[in-house]
$ cat my_file03.cif   # mmCIF, C-alpha atoms and all ligand atoms
data_upload
loop_
_atom_site.label_atom_id
_atom_site.label_comp_id
_atom_site.auth_asym_id
_atom_site.auth_seq_id
_atom_site.Cartn_x
_atom_site.Cartn_y
_atom_site.Cartn_z
CA MET A 1 -111.36 -66.49 -11.43
CA ARG A 2 -114.49 -67.13 -13.44
CA ASP A 3 -117.29 -64.61 -13.11
CA GLU A 4 -120.45 -66.75 -13.43
CA GLU A 5 -122.73 -63.81 -14.14
CA LYS A 6 -120.56 -62.48 -16.95
CA LEU A 7 -120.14 -66.01 -18.25
CA ARG A 8 -123.90 -66.61 -18.58
CA ALA A 9 -124.48 -63.20 -20.14
CA TYR A 10 -121.67 -63.84 -22.64
CA PHE A 11 -123.20 -67.10 -23.84
CA THR A 12 -126.79 -65.98 -24.32
CA GLY A 13 -128.44 -66.46 -27.71
CA ALA A 14 -127.00 -69.91 -28.33
CA PRO A 15 -127.48 -71.66 -31.69
CA SER A 16 -129.64 -74.81 -31.71
CA ASP A 17 -126.82 -77.36 -31.42
CA VAL A 18 -124.64 -76.06 -28.59
CA CYS A 19 -125.01 -74.02 -25.41
CA LEU A 20 -123.17 -73.30 -22.18
CA GLU A 21 -125.20 -75.97 -20.35
CA ASP A 22 -123.47 -78.62 -22.51
CA ILE A 23 -120.23 -77.82 -20.74
CA ASP A 24 -119.12 -79.13 -17.34
CA LEU A 25 -117.63 -75.99 -15.80
CA ALA A 26 -115.78 -78.09 -13.24
CA ARG A 27 -113.77 -79.72 -16.06
CA ILE A 28 -112.68 -76.79 -18.18
CA PRO A 29 -109.22 -77.46 -19.68
CA ARG A 30 -106.48 -75.39 -18.04
CA HIS A 31 -104.62 -74.71 -21.27
CA VAL A 32 -106.25 -74.49 -24.70
CA SER A 33 -104.10 -73.99 -27.78
CA PHE A 34 -105.10 -72.95 -31.29
CA ILE A 35 -103.59 -73.48 -34.71
CA MET A 36 -105.37 -70.64 -36.46
CA ASP A 37 -105.61 -71.85 -40.04
CA GLY A 38 -107.63 -70.91 -43.09
CA ASN A 39 -107.37 -67.13 -43.25
CA GLY A 40 -106.14 -67.20 -46.85
CA ARG A 41 -108.86 -69.59 -48.03
CA TRP A 42 -111.52 -67.57 -46.23
CA ALA A 43 -110.46 -64.46 -48.14
CA GLN A 44 -110.01 -66.22 -51.48
CA ALA A 45 -113.48 -67.75 -51.22
CA ARG A 46 -114.81 -64.18 -51.04
CA GLY A 47 -112.68 -62.93 -53.92
CA MET A 48 -110.58 -60.89 -51.51
CA ALA A 49 -106.85 -60.59 -50.97
CA ARG A 50 -105.33 -63.01 -48.44
CA SER A 51 -104.53 -60.06 -46.20
CA LYS A 52 -108.25 -59.51 -45.61
CA GLY A 53 -108.41 -63.01 -44.16
CA HIS A 54 -105.68 -62.17 -41.66
CA VAL A 55 -107.46 -58.96 -40.70
CA ALA A 56 -110.68 -60.93 -40.17
CA GLY A 57 -108.66 -63.49 -38.20
CA VAL A 58 -107.81 -60.83 -35.64
CA ASP A 59 -111.51 -60.60 -34.69
CA SER A 60 -111.66 -64.35 -34.12
CA LEU A 61 -108.56 -64.22 -31.96
CA ARG A 62 -110.00 -61.39 -29.87
CA GLU A 63 -113.17 -63.44 -29.40
CA ALA A 64 -111.10 -66.50 -28.43
CA VAL A 65 -109.29 -64.42 -25.81
CA THR A 66 -112.55 -63.13 -24.36
CA THR A 67 -114.16 -66.57 -24.44
CA SER A 68 -111.14 -68.08 -22.66
CA VAL A 69 -111.29 -65.44 -19.94
CA ARG A 70 -115.03 -65.92 -19.47
CA LEU A 71 -114.61 -69.71 -19.19
CA GLY A 72 -111.81 -69.32 -16.65
CA ILE A 73 -109.11 -70.93 -18.77
CA ASP A 74 -105.63 -70.42 -17.29
CA VAL A 75 -103.61 -70.41 -20.49
CA LEU A 76 -104.60 -69.67 -24.07
CA SER A 77 -101.95 -70.14 -26.71
CA ALA A 78 -102.14 -69.49 -30.44
CA TYR A 79 -99.85 -70.10 -33.42
CA ALA A 80 -99.62 -66.81 -35.26
CA PHE A 81 -96.41 -67.13 -37.30
CA SER A 82 -94.12 -70.11 -37.79
CA THR A 83 -90.41 -70.21 -38.62
CA GLU A 84 -91.59 -71.54 -42.00
CA ASN A 85 -93.94 -68.61 -42.63
CA TRP A 86 -90.98 -66.41 -43.70
CA ARG A 87 -91.26 -68.27 -47.04
CA ARG A 88 -94.49 -66.41 -47.83
CA SER A 89 -94.41 -63.38 -50.12
CA HIS A 90 -92.71 -60.23 -48.85
CA GLU A 91 -96.05 -58.42 -48.93
CA GLU A 92 -97.79 -61.03 -46.79
CA VAL A 93 -94.98 -61.22 -44.24
CA ASP A 94 -94.89 -57.40 -43.99
CA LEU A 95 -98.62 -57.26 -43.61
CA LEU A 96 -98.59 -59.87 -40.83
CA MET A 97 -95.76 -58.17 -38.92
CA HIS A 98 -97.55 -54.86 -39.15
CA LEU A 99 -100.86 -56.47 -38.15
CA PHE A 100 -99.30 -58.11 -35.09
CA ALA A 101 -97.92 -54.78 -33.87
CA LYS A 102 -101.07 -52.84 -34.64
CA THR A 103 -103.31 -55.45 -33.01
CA LEU A 104 -101.22 -55.63 -29.88
CA ILE A 105 -101.35 -51.87 -29.40
CA HIS A 106 -105.09 -51.87 -30.07
CA GLU A 107 -105.84 -54.77 -27.71
CA MET A 108 -103.78 -53.55 -24.77
CA PRO A 109 -106.85 -52.08 -23.03
CA LEU A 110 -108.53 -55.51 -23.26
CA PHE A 111 -105.49 -57.17 -21.67
CA HIS A 112 -105.52 -54.62 -18.85
CA GLN A 113 -109.27 -54.83 -18.36
CA GLU A 114 -109.26 -58.63 -18.27
CA ASN A 115 -105.98 -58.92 -16.34
CA VAL A 116 -104.35 -60.95 -19.13
CA ARG A 117 -100.61 -61.59 -19.05
CA LEU A 118 -98.97 -61.74 -22.44
CA VAL A 119 -96.04 -64.02 -23.23
CA PHE A 120 -94.44 -64.99 -26.54
CA LEU A 121 -93.33 -68.39 -27.75
CA GLY A 122 -90.57 -68.20 -30.35
CA ASP A 123 -87.60 -66.05 -31.22
CA ILE A 124 -89.12 -62.58 -31.27
CA SER A 125 -85.71 -60.86 -31.25
CA SER A 126 -85.36 -61.39 -34.99
CA LEU A 127 -88.68 -59.77 -35.86
CA PRO A 128 -88.78 -56.34 -37.55
CA ARG A 129 -87.81 -53.65 -35.06
CA GLN A 130 -91.21 -52.01 -34.71
CA THR A 131 -92.96 -55.34 -34.08
CA TYR A 132 -90.29 -56.39 -31.61
CA ASP A 133 -90.57 -53.10 -29.70
CA VAL A 134 -94.35 -53.36 -29.46
CA PHE A 135 -94.07 -56.98 -28.25
CA CYS A 136 -91.56 -55.97 -25.56
CA GLN A 137 -93.87 -53.20 -24.44
CA GLY A 138 -96.73 -55.71 -24.26
CA LEU A 139 -94.60 -58.01 -22.14
CA ASP A 140 -93.61 -55.18 -19.81
CA GLU A 141 -97.10 -53.77 -19.42
CA THR A 142 -98.76 -57.09 -18.61
CA ARG A 143 -95.99 -58.74 -16.60
CA ASP A 144 -97.84 -58.34 -13.29
CA HIS A 145 -101.26 -59.41 -14.54
CA ASP A 146 -102.29 -62.57 -12.74
CA GLY A 147 -105.40 -63.58 -14.67
CA MET A 148 -105.16 -65.66 -17.82
CA THR A 149 -101.85 -66.07 -19.67
CA PHE A 150 -102.05 -65.48 -23.41
CA ALA A 151 -99.09 -67.12 -25.15
CA LEU A 152 -98.68 -66.02 -28.74
CA ALA A 153 -96.36 -68.11 -30.89
CA VAL A 154 -94.53 -65.86 -33.34
CA ASN A 155 -91.45 -66.92 -35.29
CA TYR A 156 -92.00 -70.21 -33.54
CA GLY A 157 -90.91 -73.68 -34.65
CA SER A 158 -90.96 -76.65 -32.34
CA ARG A 159 -87.80 -78.31 -33.65
CA ALA A 160 -85.89 -75.02 -33.37
CA GLU A 161 -87.25 -74.66 -29.82
CA ILE A 162 -86.00 -78.15 -28.85
CA ALA A 163 -82.61 -77.52 -30.50
CA ARG A 164 -82.33 -74.24 -28.56
CA ALA A 165 -83.16 -76.05 -25.33
CA ALA A 166 -80.51 -78.69 -26.07
CA ARG A 167 -77.94 -75.98 -26.78
CA ASN A 168 -78.69 -74.14 -23.55
CA ILE A 169 -78.65 -77.32 -21.50
CA ALA A 170 -75.31 -78.35 -23.09
CA MET A 171 -73.84 -74.95 -22.17
CA GLU A 172 -74.96 -75.36 -18.57
CA VAL A 173 -73.35 -78.80 -18.43
CA ALA A 174 -70.16 -77.43 -20.01
CA SER A 175 -70.02 -74.60 -17.48
CA GLY A 176 -70.56 -76.99 -14.59
CA THR A 177 -73.89 -75.57 -13.39
CA LEU A 178 -75.78 -78.73 -14.40
CA GLU A 179 -74.89 -82.43 -14.13
CA ALA A 180 -75.56 -84.41 -17.32
CA ASP A 181 -77.16 -87.09 -15.13
CA ALA A 182 -79.65 -84.54 -13.84
CA ILE A 183 -81.18 -83.92 -17.28
CA ASP A 184 -84.70 -85.25 -17.13
CA GLU A 185 -88.04 -84.29 -18.70
CA SER A 186 -88.58 -81.42 -16.31
CA VAL A 187 -85.16 -79.93 -17.13
CA ILE A 188 -85.98 -80.05 -20.83
CA ALA A 189 -89.47 -78.60 -20.26
CA GLY A 190 -87.85 -75.84 -18.20
CA HIS A 191 -85.74 -74.78 -21.19
CA LEU A 192 -88.60 -74.50 -23.66
CA TYR A 193 -90.40 -71.24 -24.44
CA THR A 194 -93.36 -72.64 -22.50
CA GLN A 195 -91.40 -72.93 -19.25
CA GLY A 196 -93.71 -72.52 -16.28
CA LEU A 197 -96.88 -73.14 -18.32
CA PRO A 198 -98.93 -76.33 -18.09
CA ASP A 199 -99.03 -78.43 -21.27
CA PRO A 200 -102.10 -77.85 -23.45
CA GLU A 201 -104.99 -80.15 -22.60
CA LEU A 202 -106.82 -79.28 -25.79
CA LEU A 203 -105.45 -78.31 -29.21
CA VAL A 204 -107.92 -76.87 -31.71
CA ARG A 205 -106.95 -76.68 -35.37
CA THR A 206 -109.24 -74.91 -37.80
CA SER A 207 -109.73 -75.43 -41.54
CA GLY A 208 -109.67 -79.22 -41.46
CA GLU A 209 -105.93 -79.84 -41.80
CA LEU A 210 -104.71 -82.93 -39.93
CA ARG A 211 -101.16 -81.81 -39.15
CA LEU A 212 -99.19 -80.43 -36.20
CA SER A 213 -97.08 -78.18 -38.46
CA ASN A 214 -94.04 -78.08 -36.15
CA TYR A 215 -96.14 -76.72 -33.28
CA LEU A 216 -95.47 -77.59 -29.60
CA LEU A 217 -94.30 -81.12 -30.45
CA TRP A 218 -92.96 -81.75 -26.94
CA GLN A 219 -95.84 -80.09 -25.11
CA LEU A 220 -98.61 -81.83 -27.09
CA ALA A 221 -97.55 -85.36 -26.02
CA TYR A 222 -100.89 -86.08 -24.26
CA THR A 223 -103.05 -83.29 -25.64
CA GLU A 224 -106.51 -83.99 -27.03
CA ILE A 225 -106.75 -82.72 -30.61
CA PHE A 226 -109.93 -81.24 -32.07
CA VAL A 227 -109.99 -80.44 -35.77
CA THR A 228 -112.83 -78.43 -37.25
CA ASP A 229 -113.51 -77.55 -40.89
CA VAL A 230 -114.46 -74.02 -39.82
CA LEU A 231 -111.96 -71.50 -41.22
CA TRP A 232 -110.28 -69.36 -38.58
CA PRO A 233 -112.05 -66.05 -39.45
CA ASP A 234 -115.39 -67.86 -38.96
CA PHE A 235 -114.39 -69.47 -35.66
CA SER A 236 -116.75 -68.20 -32.94
CA LYS A 237 -117.36 -68.64 -29.23
CA TRP A 238 -119.88 -71.34 -30.17
CA ASP A 239 -117.22 -73.29 -32.08
CA TYR A 240 -115.07 -72.92 -28.98
CA LEU A 241 -117.84 -74.49 -26.87
CA ARG A 242 -118.19 -77.31 -29.42
CA ALA A 243 -114.46 -78.01 -29.06
CA ILE A 244 -114.66 -78.10 -25.26
CA ARG A 245 -117.74 -80.29 -25.36
CA ALA A 246 -115.88 -82.78 -27.58
CA PHE A 247 -112.88 -82.62 -25.24
CA GLN A 248 -115.05 -83.38 -22.24
CA ALA A 249 -116.64 -86.34 -24.01
CA ARG A 250 -113.26 -88.01 -24.33
CA ASN A 251 -111.64 -90.34 -21.87
CA ARG A 252 -108.12 -89.21 -21.06
CA ARG A 253 -105.95 -92.13 -19.96
CA PHE A 254 -102.39 -90.76 -20.32
CA GLY A 255 -101.13 -94.16 -21.41
CA GLY A 256 -102.87 -95.96 -18.53
CA VAL A 257 -106.03 -98.08 -18.56
CA ASP A 258 -109.56 -97.38 -17.42
CA THR A 259 -110.08 -98.05 -13.74
CA ALA A 260 -113.88 -97.70 -13.84
C1 LIG B 301 -103.13 -69.12 -41.10
O1 LIG B 301 -103.92 -68.92 -42.21
C2 LIG B 301 -102.88 -67.89 -40.40
C3 LIG B 301 -101.68 -67.28 -40.23
C4 LIG B 301 -100.41 -67.77 -40.79
C5 LIG B 301 -101.56 -66.04 -39.51
C6 LIG B 301 -102.34 -65.97 -38.25
C7 LIG B 301 -102.68 -64.60 -38.02
C8 LIG B 301 -103.84 -64.16 -37.54
C9 LIG B 301 -104.94 -65.00 -37.12
C10 LIG B 301 -103.99 -62.73 -37.45
C11 LIG B 301 -104.13 -62.28 -36.07
C12 LIG B 301 -103.03 -62.57 -35.21
C13 LIG B 301 -102.49 -61.69 -34.36
C14 LIG B 301 -101.51 -62.16 -33.36
C15 LIG B 301 -102.81 -60.27 -34.38
P1 LIG B 301 -103.32 -69.20 -43.65
O2 LIG B 301 -102.81 -67.91 -44.20
O3 LIG B 301 -102.30 -70.27 -43.57
O4 LIG B 301 -104.58 -69.66 -44.42
P2 LIG B 301 -104.65 -70.70 -45.64
O5 LIG B 301 -104.19 -72.02 -45.11
O6 LIG B 301 -106.09 -70.70 -45.99
O7 LIG B 301 -103.76 -70.16 -46.71
#
$ encode --input "my_file03.cif" --output "C-alpha cells"
Amino acid sequence: MRDEEKLRAYFTGAPSDVCLEDIDLARIPRHVSFIMDGNGRWAQARGMARSKGHVAGVDSLREAVTTSVRLGIDVLSAYAFSTENWRRSHEEVDLLMHLFAKTLIHEMPLFHQENVRLVFLGDISSLPRQTYDVFCQGLDETRDHDGMTFALAVNYGSRAEIARAARNIAMEVASGTLEADAIDESVIAGHLYTQGLPDPELLVRTSGELRLSNYLLWQLAYTEIFVTDVLWPDFSKWDYLRAIRAFQARNRRFGGVDTA
C-alpha cells in the first residue's frame, strides 16, 4: 500500500526536468526490473578499483528499493550476478560474494521496516557457503512480509533457467504427475525462478548497453525497455522517475492494435 504522505516527502527537492507530478500514480508498473550496469566504468572513470564501483552500486540499489516501496511497486527485481560473471577475476568474484552477504545483513532492518519480502532468482545453492547461509536467512526472515517483493538475481542465467524448467517438467511427465499435452505457457512459467511473480512491465538498463545479457528472456516477452546512459552508481530516484515517465508515455499493445 502506497503511503501518499511519505511519497510526497520522499520526492521533494526535484531537479528541473522531472518531478513526482509527471507520474500518473494510477498507472505505476507492477513489476520493475533493473540490469544494474556500469559499476566498473564508474570506478575506473574516478581512478578507483572496480570494487569501489560495486560498493557505490549498493547505495543505488538501496535507493531503488526505497523508491519502489514509496511508489507502491509490487515487485522489484535486479540482476546482481549472472552465470557468466564467474569468468571475472577471483578477486572481483570474492568481493561481490562478500558484498552480497554483508549488504543483506546490513539491509535486513530496512526489509523489516518496509515489509519487503526477499526472493532469489538463480541457483543460489552453488554460492560460497557464507553467502548462501546469509541468503537463506534473508529468505526465512522475510517469508511472511506481504509488502513489496524484492527479487535478486544471483548466479542467474535465463537459458539455464529455461533448461532447468524443461528438465523438471520432463521429470514430472516421466513420473506420471503431468500429461505432456498439458504443458502450456503457464506450466512453463510455473517452473521458472519467477513462479508466482507477474512479468516485468518495465526493464531499466543502465550504462547505455543495448543487450538483454541472458536476463529473464521468457519473462521480458512484452516488457517495455528503458535504457539510460547513467551508470548504476549514479542512478537516483529521479532517474527512476524518468524511466517511469517514459514507460507511461508508451502505448502498450501486446501484439494487438490500437482501439482508440
Ligand atoms: C555491473 O557492473 C554490476 C555487477 C555485475 C554487480 C552488481 C552488483 C551491485 C550493484 C552491488 C550491489 C548488489 C547487491 C545485491 C548487494 P559492471 O561491473 O559490469 O560494470 P562495467 O560494465 O562498467 O564493467
$ atom_distance --input "my_file03.cif" --atom1 "atom CA of A:Gln137" --atom2 "atom CA of A:Val119"
11.1 Å
$ residues_around --input "my_file03.cif" --residues "A:Asp133" --least-positions-apart "5" --cutoff "12 Å" --atoms "only C-alpha atoms" --output "PyMOL selection string"
chain A and resi 97-98+100-102+104-105+124-128+138-140
$ atom_distance --input "my_file03.cif" --atom1 "atom CA of A:Val32" --atom2 "atom CA of A:Val93"
26.2 Å
$ residues_near_ligand --input "my_file03.cif" --ligand "ligand LIG 301 (chain B)" --cutoff "8 Å" --atoms "only C-alpha atoms and all ligand atoms" --output "PyMOL selection string"
chain A and resi 35-43+50+53-61+78-82+85+96+99-104+152+154+207+231-233
$ closest_atom_pairs --input "my_file03.cif" --of "stretch 184-212 of chain A" --to "stretch 222-227 of chain A" --cutoff "8 Å" --atoms "all atoms listed in the file" --output "CSV"
residue,atom,partner,partner_atom,distance
A:Asp199,CA,A:Thr223,CA,7.7
A:Pro200,CA,A:Thr223,CA,5.9
A:Glu201,CA,A:Thr223,CA,4.8
A:Leu202,CA,A:Glu224,CA,4.9
A:Leu203,CA,A:Ile225,CA,4.8
A:Val204,CA,A:Phe226,CA,4.8
A:Arg205,CA,A:Val227,CA,4.9
A:Thr206,CA,A:Val227,CA,5.9
A:Ser207,CA,A:Val227,CA,7.6
A:Gly208,CA,A:Val227,CA,5.8
A:Glu209,CA,A:Val227,CA,7.3
A:Leu210,CA,A:Val227,CA,7.2
$ atom_distance --input "my_file03.cif" --atom1 "atom CA of A:Gly147" --atom2 "atom CA of A:Leu76"
11.2 Å
$ closest_residue --input "my_file03.cif" --among "A:Ala249, A:Val257, A:Ile188, A:Ala182" --to "A:Ile162" --atoms "only C-alpha atoms"
A:Ile188
$ residues_around --input "my_file03.cif" --residues "A:Arg27" --least-positions-apart "2" --cutoff "10 Å" --atoms "only C-alpha atoms" --output "list in words"
Ile23, Asp24, Leu25, Pro29, Arg30, Ile244, Phe247 and Gln248 of chain A
$ write_last_selection --input "my_file03.cif" --atoms "C-alpha atoms" --output "mmCIF file, keeping the file's coordinate frame"
data_model
loop_
_atom_site.group_PDB
_atom_site.id
_atom_site.type_symbol
_atom_site.label_atom_id
_atom_site.label_comp_id
_atom_site.auth_asym_id
_atom_site.auth_seq_id
_atom_site.Cartn_x
_atom_site.Cartn_y
_atom_site.Cartn_z
ATOM 1 C CA ILE A 23 -120.230 -77.820 -20.740
ATOM 2 C CA ASP A 24 -119.120 -79.130 -17.340
ATOM 3 C CA LEU A 25 -117.630 -75.990 -15.800
ATOM 4 C CA PRO A 29 -109.220 -77.460 -19.680
ATOM 5 C CA ARG A 30 -106.480 -75.390 -18.040
ATOM 6 C CA ILE A 244 -114.660 -78.100 -25.260
ATOM 7 C CA PHE A 247 -112.880 -82.620 -25.240
ATOM 8 C CA GLN A 248 -115.050 -83.380 -22.240
#
$ closest_residue --input "my_file03.cif" --among "A:Leu216, A:Ala153, A:Ala165, A:Met148" --to "A:Phe120" --atoms "all atoms listed in the file"
A:Ala153
$ closest_residue --input "my_file03.cif" --among "A:Ala180, A:Leu192, A:Leu212, A:Leu110" --to "A:Val69" --atoms "all atoms listed in the file"
A:Leu110
$ residues_near_point --input "my_file03.cif" --point "(-123.1, -66.6, -25.6)" --cutoff "12 Å" --atoms "only C-alpha atoms" --output "PyMOL selection string"
chain A and resi 5-15+18-21+63+66-67+70-71+236-241
